[in-house]
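*Asks:* Questions regarding the structure given below will be posed in turn.
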Amino acid sequence: MVISVIIPTLNEERTIVETLRLTAGLGFDEMIVVDGGSTDRTRTIVKSFQFDDRTSGGSGAALVSRISQADDASRVLLEAPPGRARQLNAGAQAARGDVLLFLHADTHLPRSARSSIEAAMADQLAVGGRFDVQFDIPSIWSYLIATLMNARSRLTRISTGDQALFVRKEVFEQLGGFRDIPLMEDIEFSIRLKRRGATVALRDRVTTSFRRWEQQGPLKTVLSMWVLRLLYWTGVSPHRLGRLYPPAR
């Protein structure tokens, strides 16, 4: 099973090095970073990152993106028009994997990530899945939010990008990839994915940044997200919601 990791970036110079370093040691076959026009050092950092034995625990040679015709680590970087959906679709189009794993630049996978995905996708009825989530800052708020996110996702089979979605590439292509909308692209895709077949809710936990909740405060952020999703479910256009609620970075 060939697994491609696709990481969208936009001004992630503070997070991307650690994400690349940790992901490079997990034995995936391909890593593709898709930048949406960063104005900081993100692209320079990715281009200079060396996928060698020092970062990958001995398996680094295979981690240089196979979109390259030569062993050039800088070719792990692609560029696409800004917008997470566009960036993810560009990475998926370039990927050679049987399974696509979509990873946020501020999210770290567990050491068991590859084996857990392989076990999940060994079931031919499974079309994709996601991980449970935890936050990088321990607190009552972060524990409560993560617990509710995981429970809601397991109940509804609807996932967010923070949970590191993975999907068979052939299924991704059949579904037409992510819709080109400014936000909620992860939820919209996971709704279509669960209609396509069985999805797996892994108990393994990814660790993601708590920065979004820190910026506005946990309670205000949770309430904003509930309002956002309520408006989405009632039919408000994601383009209009994108103007009302610009993504926090």
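By order in the structure tokens, chains are A, B, ...; within a chain, residues start at 1; ligands start at 1, following the order shown.
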Tell me which protein, DNA and RNA residues are within 10 Å of Pro110 (chain A), counting only C-alpha atoms, leaving out same-chain ones fewer than 6 positions away, and put them as a PyMOL selection string.
*Replies:* chain A and resi 22-23+26+116+131+204-207
*Asks:* Mind dumping the selected residues with N, CA and C atoms as an mmCIF file, in the first residue's frame?
*Replies:*
```cif
data_model
loop_
_atom_site.group_PDB
_atom_site.id
_atom_site.type_symbol
_atom_site.label_atom_id
_atom_site.label_comp_id
_atom_site.auth_asym_id
_atom_site.auth_seq_id
_atom_site.Cartn_x
_atom_site.Cartn_y
_atom_site.Cartn_z
ATOM 1 N N LEU A 22 8.771 15.291 12.037
ATOM 2 C CA LEU A 22 8.065 14.177 12.665
ATOM 3 C C LEU A 22 7.439 13.243 11.626
ATOM 4 N N THR A 23 6.846 13.826 10.592
ATOM 5 C CA THR A 23 6.181 13.010 9.578
ATOM 6 C C THR A 23 7.189 12.192 8.786
ATOM 7 N N LEU A 26 7.942 8.517 9.873
ATOM 8 C CA LEU A 26 6.838 7.567 10.042
ATOM 9 C C LEU A 26 6.708 6.556 8.911
ATOM 10 N N SER A 116 -1.693 1.938 11.349
ATOM 11 C CA SER A 116 -3.128 2.050 11.619
ATOM 12 C C SER A 116 -3.916 2.283 10.332
ATOM 13 N N PHE A 131 -8.423 10.240 12.203
ATOM 14 C CA PHE A 131 -7.900 9.961 13.523
ATOM 15 C C PHE A 131 -8.725 10.706 14.577
ATOM 16 N N ASP A 204 -6.362 6.158 17.448
ATOM 17 C CA ASP A 204 -5.058 6.812 17.518
ATOM 18 C C ASP A 204 -5.267 8.320 17.430
ATOM 19 N N ARG A 205 -4.466 9.081 18.163
ATOM 20 C CA ARG A 205 -4.690 10.527 18.250
ATOM 21 C C ARG A 205 -3.609 11.329 17.525
ATOM 22 N N VAL A 206 -4.048 12.249 16.682
ATOM 23 C CA VAL A 206 -3.139 13.269 16.170
ATOM 24 C C VAL A 206 -3.110 14.410 17.182
ATOM 25 N N THR A 207 -2.003 15.148 17.187
ATOM 26 C CA THR A 207 -1.878 16.293 18.086
ATOM 27 C C THR A 207 -1.858 17.563 17.250
#
```
*Asks:* May I ask for the distance between CA of Phe49 (chain A) and CA of Leu20 (chain A), given in Å to one decimal place?
*Replies:*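 Pair CA of Phe49 (chain A) / CA of Leu20 (chain A) returns 8.1 Å.
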*Asks:* Give me, as an MDAnalysis selection string, the residues of region 158-210 of chain A that a backbone DSSP run labels alpha helix (DSSP H).
*Replies:* chainID A and resid 169:174 185:196
*Asks:* I'd like to know which of A:Gln87, A:Gln134, A:Thr147, A:Thr44 is closest to Ser209 (chain A), using only C-alpha atoms.
*Replies:*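 Closest residue, counting only C-alpha atoms: A:Gln134.
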*Asks:* Restricting the calculation to only C-alpha atoms, which member of A:Gly27, A:Ile187, A:Ala92, A:Ile145 is positioned closest to Glu118 (chain A)?
*Replies:* A:Gly27
*Asks:* Could you name the residues that touch Ala120 (chain A) at 12 Å or less, counting only C-alpha atoms, but leaving out those on the same chain fewer than 3 positions away, as a PyMOL selection string?
*Replies:* chain A and resi 1+99+113-117+123-131+166-168+198-204
*Asks:* I'd like to know which residues of region 99-240 of chain A are strand (DSSP E or B) (by DSSP, run on the backbone); could you write them as a PyMOL selection string?
*Replies:* chain A and resi 99-102+107-108+126-135+166-168+198-208
*Asks:* One decimal, Å: what's the distance from CA of Asn150 (chain A) over to CA of Asp29 (chain A), could you say?
*Replies:*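 We find that CA of Asn150 (chain A) and CA of Asp29 (chain A) lie 27.7 Å from each other.
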*Asks:* Can you tell me which residues surround Ala146 (chain A) at a distance of at most 12 Å, considering only C-alpha atoms, apart from same-chain residues fewer than 5 positions away, and format the answer as a ChimeraX atom specification?
*Replies:* /A:131-141,151-153,160,162-163,205-210,213,218,222
